[in-house]
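Chemist: Dumping the structure here so I can ask a few things about it.
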Amino acid sequence: MTASARLSLCNCFASRKAARLITKLYEDRLATVGVTSTQFSILVYVDEVNAASMKELVEVLAMERTSVVRALQPLERDGFLAIGPHEEDARRNVVRLTDAGRRKLAEAMPVWQAAQEEFERRFGQELAGQLRETVHEMAHEMGHEMG
């Protein structure tokens with residue numbers, strides 16, 4: 001069996017390649033408003049929950065803590081997020097969206113929507129829905145809840 005045949009049968013290779021291709025579609029669109037797809041996800045999640053702990057972000061994004069920190073740094077630097085003590089437990093830091101962050105999210109939403117529509121136009125709403133459902137099931141099975 002050739003190396004390319006072995007790779008074509010590898011679930012890990014296939015899923016990582018699919019993730020890179022899908023991510024590129026979104027990254028190309030979101031770059032026009034100055035955020036990455038990961039940063040967009042962070043803005044959406046923090047907006048939804050109001051204040052997110054690092055542990056929550058790591059879990060929701062299914063990323064290593066250091067990767068989450070790297071994604072947060074430019075958002076904090078640019079004033080879109082504020083990181084500070086939790087209201088009830090000062091030993092815990094939480095991430096909050098600032099007014100500038102809400103404006104950035106509002107700017108990014110139509111761009112993200114255009115990426116969503118492009119993906120569904122190219123691959124169909126049914127496949128898109130199946131993909132999301134499969135990922136949700138896999139995340140649950142592996143102990144990572146999705147947002």
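To be explicit about the labels: the chains of the structure tokens are called A, B, and onward in the order shown, and within each one the residues are counted from 1, while ligands get numbers from 1 in the order they are shown.
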Would you return as a JSON list (two decimals) with N, CA and C atoms, in the first residue's frame the members of chain A that DSSP assigns to helix (DSSP H, G or I) on this structure's backbone?
Modeler:
```json
[["chain", "number", "residue", "atom", "x", "y", "z"],
["A", 3, "ALA", "N", 1.98, 5.26, 0.43],
["A", 3, "ALA", "CA", 1.78, 6.23, 1.52],
["A", 3, "ALA", "C", 0.51, 7.03, 1.29],
["A", 4, "SER", "N", 0.24, 7.44, 0.04],
["A", 4, "SER", "CA", -0.96, 8.23, -0.21],
["A", 4, "SER", "C", -2.22, 7.39, 0.01],
["A", 5, "ALA", "N", -2.16, 6.09, -0.27],
["A", 5, "ALA", "CA", -3.30, 5.22, -0.01],
["A", 5, "ALA", "C", -3.52, 5.08, 1.49],
["A", 6, "ARG", "N", -2.43, 4.94, 2.23],
["A", 6, "ARG", "CA", -2.56, 4.84, 3.70],
["A", 6, "ARG", "C", -3.16, 6.13, 4.25],
["A", 7, "LEU", "N", -2.68, 7.26, 3.75],
["A", 7, "LEU", "CA", -3.22, 8.54, 4.23],
["A", 7, "LEU", "C", -4.69, 8.69, 3.89],
["A", 8, "SER", "N", -5.09, 8.23, 2.71],
["A", 8, "SER", "CA", -6.49, 8.38, 2.31],
["A", 8, "SER", "C", -7.42, 7.56, 3.20],
["A", 11, "ASN", "N", -8.36, 8.36, 9.33],
["A", 11, "ASN", "CA", -9.39, 9.27, 9.82],
["A", 11, "ASN", "C", -8.80, 10.59, 10.31],
["A", 12, "CYS", "N", -7.67, 10.51, 10.98],
["A", 12, "CYS", "CA", -7.04, 11.72, 11.50],
["A", 12, "CYS", "C", -6.62, 12.64, 10.36],
["A", 13, "PHE", "N", -5.95, 12.08, 9.37],
["A", 13, "PHE", "CA", -5.52, 12.88, 8.21],
["A", 13, "PHE", "C", -6.72, 13.52, 7.52],
["A", 14, "ALA", "N", -7.77, 12.73, 7.28],
["A", 14, "ALA", "CA", -8.95, 13.25, 6.59],
["A", 14, "ALA", "C", -9.61, 14.38, 7.38],
["A", 15, "SER", "N", -9.75, 14.18, 8.69],
["A", 15, "SER", "CA", -10.42, 15.21, 9.49],
["A", 15, "SER", "C", -9.59, 16.48, 9.59],
["A", 16, "ARG", "N", -8.27, 16.33, 9.71],
["A", 16, "ARG", "CA", -7.42, 17.52, 9.79],
["A", 16, "ARG", "C", -7.41, 18.27, 8.46],
["A", 17, "LYS", "N", -7.39, 17.52, 7.36],
["A", 17, "LYS", "CA", -7.42, 18.17, 6.04],
["A", 17, "LYS", "C", -8.74, 18.91, 5.85],
["A", 18, "ALA", "N", -9.85, 18.27, 6.20],
["A", 18, "ALA", "CA", -11.15, 18.92, 6.10],
["A", 18, "ALA", "C", -11.18, 20.18, 6.96],
["A", 19, "ALA", "N", -10.66, 20.08, 8.18],
["A", 19, "ALA", "CA", -10.66, 21.24, 9.09],
["A", 19, "ALA", "C", -9.84, 22.39, 8.49],
["A", 20, "ARG", "N", -8.69, 22.07, 7.89],
["A", 20, "ARG", "CA", -7.87, 23.13, 7.29],
["A", 20, "ARG", "C", -8.59, 23.79, 6.12],
["A", 21, "LEU", "N", -9.24, 22.98, 5.27],
["A", 21, "LEU", "CA", -9.95, 23.53, 4.12],
["A", 21, "LEU", "C", -11.14, 24.39, 4.53],
["A", 22, "ILE", "N", -11.91, 23.92, 5.48],
["A", 22, "ILE", "CA", -13.06, 24.68, 5.97],
["A", 22, "ILE", "C", -12.58, 25.96, 6.66],
["A", 23, "THR", "N", -11.56, 25.82, 7.50],
["A", 23, "THR", "CA", -11.03, 26.99, 8.21],
["A", 23, "THR", "C", -10.55, 28.05, 7.23],
["A", 24, "LYS", "N", -9.89, 27.64, 6.16],
["A", 24, "LYS", "CA", -9.40, 28.61, 5.17],
["A", 24, "LYS", "C", -10.54, 29.43, 4.58],
["A", 25, "LEU", "N", -11.67, 28.79, 4.29],
["A", 25, "LEU", "CA", -12.82, 29.51, 3.75],
["A", 25, "LEU", "C", -13.24, 30.63, 4.72],
["A", 26, "TYR", "N", -13.35, 30.29, 6.00],
["A", 26, "TYR", "CA", -13.75, 31.28, 7.01],
["A", 26, "TYR", "C", -12.66, 32.31, 7.27],
["A", 27, "GLU", "N", -11.41, 31.84, 7.35],
["A", 27, "GLU", "CA", -10.30, 32.76, 7.61],
["A", 27, "GLU", "C", -10.19, 33.82, 6.52],
["A", 28, "ASP", "N", -10.35, 33.40, 5.26],
["A", 28, "ASP", "CA", -10.26, 34.36, 4.15],
["A", 28, "ASP", "C", -11.31, 35.45, 4.29],
["A", 29, "ARG", "N", -12.51, 35.09, 4.69],
["A", 29, "ARG", "CA", -13.58, 36.08, 4.87],
["A", 29, "ARG", "C", -13.32, 36.95, 6.11],
["A", 30, "LEU", "N", -13.04, 36.31, 7.24],
["A", 30, "LEU", "CA", -12.89, 37.04, 8.51],
["A", 30, "LEU", "C", -11.66, 37.94, 8.52],
["A", 31, "ALA", "N", -10.65, 37.62, 7.70],
["A", 31, "ALA", "CA", -9.46, 38.47, 7.62],
["A", 31, "ALA", "C", -9.82, 39.89, 7.19],
["A", 32, "THR", "N", -10.90, 40.04, 6.46],
["A", 32, "THR", "CA", -11.30, 41.37, 6.00],
["A", 32, "THR", "C", -11.72, 42.28, 7.15],
["A", 33, "VAL", "N", -12.06, 41.68, 8.32],
["A", 33, "VAL", "CA", -12.41, 42.49, 9.49],
["A", 33, "VAL", "C", -11.38, 42.33, 10.60],
["A", 37, "SER", "N", -10.67, 32.91, 12.70],
["A", 37, "SER", "CA", -11.86, 32.13, 13.01],
["A", 37, "SER", "C", -11.91, 31.77, 14.50],
["A", 38, "THR", "N", -10.75, 31.49, 15.08],
["A", 38, "THR", "CA", -10.70, 31.20, 16.52],
["A", 38, "THR", "C", -11.10, 32.42, 17.33],
["A", 39, "GLN", "N", -10.57, 33.59, 16.96],
["A", 39, "GLN", "CA", -10.92, 34.81, 17.67],
["A", 39, "GLN", "C", -12.41, 35.12, 17.52],
["A", 40, "PHE", "N", -12.96, 34.88, 16.35],
["A", 40, "PHE", "CA", -14.39, 35.08, 16.15],
["A", 40, "PHE", "C", -15.18, 34.17, 17.10],
["A", 41, "SER", "N", -14.78, 32.92, 17.18],
["A", 41, "SER", "CA", -15.46, 31.97, 18.07],
["A", 41, "SER", "C", -15.39, 32.43, 19.52],
["A", 42, "ILE", "N", -14.25, 32.96, 19.92],
["A", 42, "ILE", "CA", -14.08, 33.47, 21.28],
["A", 42, "ILE", "C", -15.03, 34.64, 21.52],
["A", 43, "LEU", "N", -15.07, 35.58, 20.58],
["A", 43, "LEU", "CA", -15.96, 36.74, 20.73],
["A", 43, "LEU", "C", -17.42, 36.30, 20.84],
["A", 44, "VAL", "N", -17.83, 35.35, 20.01],
["A", 44, "VAL", "CA", -19.21, 34.86, 20.04],
["A", 44, "VAL", "C", -19.50, 34.21, 21.39],
["A", 45, "TYR", "N", -18.62, 33.33, 21.83],
["A", 45, "TYR", "CA", -18.87, 32.61, 23.08],
["A", 45, "TYR", "C", -18.90, 33.56, 24.28],
["A", 46, "VAL", "N", -17.93, 34.44, 24.36],
["A", 46, "VAL", "CA", -17.88, 35.36, 25.51],
["A", 46, "VAL", "C", -19.09, 36.29, 25.49],
["A", 47, "ASP", "N", -19.52, 36.71, 24.31],
["A", 47, "ASP", "CA", -20.72, 37.53, 24.21],
["A", 47, "ASP", "C", -21.94, 36.77, 24.74],
["A", 48, "GLU", "N", -22.01, 35.49, 24.43],
["A", 48, "GLU", "CA", -23.15, 34.68, 24.84],
["A", 48, "GLU", "C", -23.18, 34.44, 26.35],
["A", 49, "VAL", "N", -22.02, 34.18, 26.96],
["A", 49, "VAL", "CA", -22.00, 33.82, 28.38],
["A", 49, "VAL", "C", -21.68, 35.00, 29.30],
["A", 54, "MET", "N", -11.00, 30.69, 31.64],
["A", 54, "MET", "CA", -10.06, 30.08, 30.73],
["A", 54, "MET", "C", -10.42, 28.60, 30.54],
["A", 55, "LYS", "N", -10.82, 27.95, 31.62],
["A", 55, "LYS", "CA", -11.20, 26.53, 31.54],
["A", 55, "LYS", "C", -12.36, 26.33, 30.57],
["A", 56, "GLU", "N", -13.36, 27.21, 30.64],
["A", 56, "GLU", "CA", -14.50, 27.12, 29.72],
["A", 56, "GLU", "C", -14.05, 27.28, 28.27],
["A", 57, "LEU", "N", -13.20, 28.28, 28.01],
["A", 57, "LEU", "CA", -12.74, 28.52, 26.65],
["A", 57, "LEU", "C", -11.95, 27.33, 26.11],
["A", 58, "VAL", "N", -11.09, 26.77, 26.94],
["A", 58, "VAL", "CA", -10.31, 25.60, 26.54],
["A", 58, "VAL", "C", -11.26, 24.46, 26.17],
["A", 59, "GLU", "N", -12.28, 24.26, 26.99],
["A", 59, "GLU", "CA", -13.23, 23.17, 26.76],
["A", 59, "GLU", "C", -14.07, 23.41, 25.51],
["A", 60, "VAL", "N", -14.66, 24.59, 25.39],
["A", 60, "VAL", "CA", -15.55, 24.89, 24.27],
["A", 60, "VAL", "C", -14.79, 24.87, 22.94],
["A", 61, "LEU", "N", -13.58, 25.40, 22.94],
["A", 61, "LEU", "CA", -12.80, 25.46, 21.71],
["A", 61, "LEU", "C", -12.04, 24.16, 21.43],
["A", 65, "ARG", "N", -4.54, 25.16, 26.36],
["A", 65, "ARG", "CA", -4.59, 26.45, 27.06],
["A", 65, "ARG", "C", -3.65, 27.47, 26.41],
["A", 66, "THR", "N", -2.44, 27.05, 26.05],
["A", 66, "THR", "CA", -1.48, 27.99, 25.46],
["A", 66, "THR", "C", -1.99, 28.54, 24.13],
["A", 67, "SER", "N", -2.69, 27.73, 23.36],
["A", 67, "SER", "CA", -3.25, 28.19, 22.08],
["A", 67, "SER", "C", -4.38, 29.19, 22.32],
["A", 68, "VAL", "N", -5.18, 28.95, 23.34],
["A", 68, "VAL", "CA", -6.26, 29.89, 23.68],
["A", 68, "VAL", "C", -5.65, 31.22, 24.13],
["A", 69, "VAL", "N", -4.62, 31.15, 24.95],
["A", 69, "VAL", "CA", -3.96, 32.37, 25.42],
["A", 69, "VAL", "C", -3.42, 33.17, 24.23],
["A", 70, "ARG", "N", -2.80, 32.47, 23.27],
["A", 70, "ARG", "CA", -2.27, 33.16, 22.08],
["A", 70, "ARG", "C", -3.38, 33.82, 21.28],
["A", 71, "ALA", "N", -4.56, 33.20, 21.23],
["A", 71, "ALA", "CA", -5.68, 33.80, 20.50],
["A", 71, "ALA", "C", -6.27, 34.99, 21.26],
["A", 72, "LEU", "N", -6.22, 34.93, 22.59],
["A", 72, "LEU", "CA", -6.77, 36.01, 23.41],
["A", 72, "LEU", "C", -5.90, 37.27, 23.39],
["A", 73, "GLN", "N", -4.60, 37.10, 23.34],
["A", 73, "GLN", "CA", -3.68, 38.24, 23.49],
["A", 73, "GLN", "C", -3.97, 39.40, 22.54],
["A", 74, "PRO", "N", -4.10, 39.16, 21.21],
["A", 74, "PRO", "CA", -4.40, 40.32, 20.35],
["A", 74, "PRO", "C", -5.78, 40.91, 20.60],
["A", 75, "LEU", "N", -6.74, 40.08, 21.00],
["A", 75, "LEU", "CA", -8.08, 40.60, 21.30],
["A", 75, "LEU", "C", -8.05, 41.50, 22.53],
["A", 76, "GLU", "N", -7.26, 41.11, 23.51],
["A", 76, "GLU", "CA", -7.11, 41.97, 24.70],
["A", 76, "GLU", "C", -6.31, 43.22, 24.35],
["A", 77, "ARG", "N", -5.22, 43.04, 23.62],
["A", 77, "ARG", "CA", -4.38, 44.18, 23.22],
["A", 77, "ARG", "C", -5.17, 45.23, 22.44],
["A", 99, "ASP", "N", -17.06, 47.03, 25.01],
["A", 99, "ASP", "CA", -17.91, 47.69, 24.01],
["A", 99, "ASP", "C", -17.27, 47.61, 22.63],
["A", 100, "ALA", "N", -15.95, 47.79, 22.58],
["A", 100, "ALA", "CA", -15.24, 47.67, 21.30],
["A", 100, "ALA", "C", -15.35, 46.24, 20.77],
["A", 101, "GLY", "N", -15.32, 45.27, 21.66],
["A", 101, "GLY", "CA", -15.47, 43.88, 21.26],
["A", 101, "GLY", "C", -16.85, 43.60, 20.69],
["A", 102, "ARG", "N", -17.88, 44.21, 21.27],
["A", 102, "ARG", "CA", -19.22, 44.04, 20.75],
["A", 102, "ARG", "C", -19.34, 44.66, 19.35],
["A", 103, "ARG", "N", -18.68, 45.80, 19.16],
["A", 103, "ARG", "CA", -18.69, 46.43, 17.83],
["A", 103, "ARG", "C", -17.94, 45.56, 16.83],
["A", 104, "LYS", "N", -16.80, 44.99, 17.25],
["A", 104, "LYS", "CA", -16.02, 44.12, 16.35],
["A", 104, "LYS", "C", -16.84, 42.88, 16.00],
["A", 105, "LEU", "N", -17.54, 42.33, 16.97],
["A", 105, "LEU", "CA", -18.38, 41.16, 16.72],
["A", 105, "LEU", "C", -19.51, 41.52, 15.74],
["A", 106, "ALA", "N", -20.13, 42.68, 15.93],
["A", 106, "ALA", "CA", -21.19, 43.12, 15.02],
["A", 106, "ALA", "C", -20.65, 43.32, 13.60],
["A", 107, "GLU", "N", -19.42, 43.79, 13.49],
["A", 107, "GLU", "CA", -18.78, 43.96, 12.18],
["A", 107, "GLU", "C", -18.49, 42.60, 11.55],
["A", 108, "ALA", "N", -18.09, 41.64, 12.36],
["A", 108, "ALA", "CA", -17.70, 40.32, 11.85],
["A", 108, "ALA", "C", -18.88, 39.42, 11.52],
["A", 109, "MET", "N", -20.02, 39.62, 12.16],
["A", 109, "MET", "CA", -21.16, 38.72, 11.96],
["A", 109, "MET", "C", -21.61, 38.58, 10.50],
["A", 110, "PRO", "N", -21.78, 39.67, 9.76],
["A", 110, "PRO", "CA", -22.20, 39.50, 8.36],
["A", 110, "PRO", "C", -21.14, 38.81, 7.51],
["A", 111, "VAL", "N", -19.87, 39.00, 7.86],
["A", 111, "VAL", "CA", -18.78, 38.35, 7.14],
["A", 111, "VAL", "C", -18.81, 36.84, 7.42],
["A", 112, "TRP", "N", -19.02, 36.49, 8.69],
["A", 112, "TRP", "CA", -19.16, 35.08, 9.06],
["A", 112, "TRP", "C", -20.38, 34.48, 8.37],
["A", 113, "GLN", "N", -21.48, 35.22, 8.34],
["A", 113, "GLN", "CA", -22.70, 34.74, 7.69],
["A", 113, "GLN", "C", -22.44, 34.47, 6.21],
["A", 114, "ALA", "N", -21.67, 35.32, 5.57],
["A", 114, "ALA", "CA", -21.34, 35.11, 4.15],
["A", 114, "ALA", "C", -20.51, 33.83, 3.99],
["A", 115, "ALA", "N", -19.60, 33.55, 4.92],
["A", 115, "ALA", "CA", -18.82, 32.32, 4.86],
["A", 115, "ALA", "C", -19.73, 31.11, 5.06],
["A", 116, "GLN", "N", -20.66, 31.22, 6.00],
["A", 116, "GLN", "CA", -21.63, 30.14, 6.23],
["A", 116, "GLN", "C", -22.41, 29.84, 4.95],
["A", 117, "GLU", "N", -22.91, 30.91, 4.33],
["A", 117, "GLU", "CA", -23.71, 30.75, 3.12],
["A", 117, "GLU", "C", -22.88, 30.16, 1.98],
["A", 118, "GLU", "N", -21.63, 30.59, 1.87],
["A", 118, "GLU", "CA", -20.76, 30.04, 0.82],
["A", 118, "GLU", "C", -20.52, 28.55, 1.05],
["A", 119, "PHE", "N", -20.25, 28.17, 2.29],
["A", 119, "PHE", "CA", -20.03, 26.76, 2.60],
["A", 119, "PHE", "C", -21.26, 25.94, 2.24],
["A", 120, "GLU", "N", -22.44, 26.42, 2.65],
["A", 120, "GLU", "CA", -23.67, 25.68, 2.39],
["A", 120, "GLU", "C", -24.04, 25.68, 0.90],
["A", 121, "ARG", "N", -23.69, 26.73, 0.19],
["A", 121, "ARG", "CA", -23.94, 26.78, -1.25],
["A", 121, "ARG", "C", -23.05, 25.75, -1.97],
["A", 122, "ARG", "N", -21.80, 25.66, -1.52],
["A", 122, "ARG", "CA", -20.85, 24.75, -2.17],
["A", 122, "ARG", "C", -21.10, 23.29, -1.82],
["A", 123, "PHE", "N", -21.51, 23.02, -0.58],
["A", 123, "PHE", "CA", -21.59, 21.64, -0.11],
["A", 123, "PHE", "C", -22.99, 21.21, 0.28],
["A", 125, "GLN", "N", -26.83, 22.37, 2.40],
["A", 125, "GLN", "CA", -27.26, 22.54, 3.79],
["A", 125, "GLN", "C", -27.32, 21.21, 4.51],
["A", 126, "GLU", "N", -27.71, 20.16, 3.80],
["A", 126, "GLU", "CA", -27.81, 18.85, 4.44],
["A", 126, "GLU", "C", -26.45, 18.35, 4.90],
["A", 127, "LEU", "N", -25.45, 18.42, 4.04],
["A", 127, "LEU", "CA", -24.11, 17.99, 4.43],
["A", 127, "LEU", "C", -23.57, 18.86, 5.56],
["A", 128, "ALA", "N", -23.81, 20.17, 5.49],
["A", 128, "ALA", "CA", -23.35, 21.08, 6.54],
["A", 128, "ALA", "C", -23.97, 20.70, 7.88],
["A", 129, "GLY", "N", -25.25, 20.42, 7.87],
["A", 129, "GLY", "CA", -25.94, 20.00, 9.10],
["A", 129, "GLY", "C", -25.41, 18.67, 9.61],
["A", 130, "GLN", "N", -25.19, 17.74, 8.72],
["A", 130, "GLN", "CA", -24.64, 16.43, 9.11],
["A", 130, "GLN", "C", -23.25, 16.59, 9.71],
["A", 131, "LEU", "N", -22.45, 17.45, 9.10],
["A", 131, "LEU", "CA", -21.10, 17.70, 9.61],
["A", 131, "LEU", "C", -21.14, 18.25, 11.03],
["A", 132, "ARG", "N", -21.98, 19.27, 11.25],
["A", 132, "ARG", "CA", -22.10, 19.85, 12.59],
["A", 132, "ARG", "C", -22.58, 18.82, 13.60],
["A", 133, "GLU", "N", -23.59, 18.05, 13.23],
["A", 133, "GLU", "CA", -24.13, 17.03, 14.13],
["A", 133, "GLU", "C", -23.07, 15.97, 14.46],
["A", 134, "THR", "N", -22.33, 15.54, 13.46],
["A", 134, "THR", "CA", -21.28, 14.55, 13.69],
["A", 134, "THR", "C", -20.21, 15.09, 14.63],
["A", 135, "VAL", "N", -19.82, 16.33, 14.42],
["A", 135, "VAL", "CA", -18.81, 16.93, 15.29],
["A", 135, "VAL", "C", -19.34, 17.06, 16.72],
["A", 136, "HIS", "N", -20.59, 17.46, 16.87],
["A", 136, "HIS", "CA", -21.20, 17.55, 18.21],
["A", 136, "HIS", "C", -21.19, 16.18, 18.89],
["A", 137, "GLU", "N", -21.57, 15.15, 18.15],
["A", 137, "GLU", "CA", -21.59, 13.79, 18.72],
["A", 137, "GLU", "C", -20.18, 13.34, 19.10],
["A", 138, "MET", "N", -19.21, 13.61, 18.24],
["A", 138, "MET", "CA", -17.84, 13.22, 18.53],
["A", 138, "MET", "C", -17.30, 13.97, 19.75],
["A", 139, "ALA", "N", -17.59, 15.26, 19.81],
["A", 139, "ALA", "CA", -17.12, 16.06, 20.95],
["A", 139, "ALA", "C", -17.73, 15.53, 22.25],
["A", 140, "HIS", "N", -19.00, 15.23, 22.21],
["A", 140, "HIS", "CA", -19.67, 14.69, 23.41],
["A", 140, "HIS", "C", -19.04, 13.36, 23.80],
["A", 141, "GLU", "N", -18.83, 12.49, 22.83],
["A", 141, "GLU", "CA", -18.24, 11.17, 23.09],
["A", 141, "GLU", "C", -16.84, 11.30, 23.68]]
```
Chemist: When DSSP is applied to the backbone of this structure, which of chain A are assigned strand (DSSP E)? Write them out as a list of chain:residue names.
Modeler: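 Residues meeting the strand (DSSP E) criterion: A:Ala51, A:Ala52, A:Ser53, A:Leu81, A:Ala82, A:Ile83, A:Gly84, A:Pro85, A:Asn93, A:Val94, A:Val95, A:Arg96, A:Leu97.
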Chemist: Neighbours of Pro85 of chain A within 10 Å (only C-alpha atoms; same-chain residues fewer than 6 positions away dropped), as an MDAnalysis selection string?
Modeler: chainID A and resid 53 91:95
Chemist: To one decimal in Å, tell me the separation between atom CA of Gly84 of chain A and atom CA of Arg96 of chain A.
Modeler: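 A separation of 8.1 Å between them.
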Chemist: Report the distance between atom CA of Glu64 of chain A and atom CA of Thr36 of chain A in Å, rounded to one decimal place.
Modeler: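 Going from atom CA of Glu64 of chain A over to atom CA of Thr36 of chain A covers 16.7 Å.
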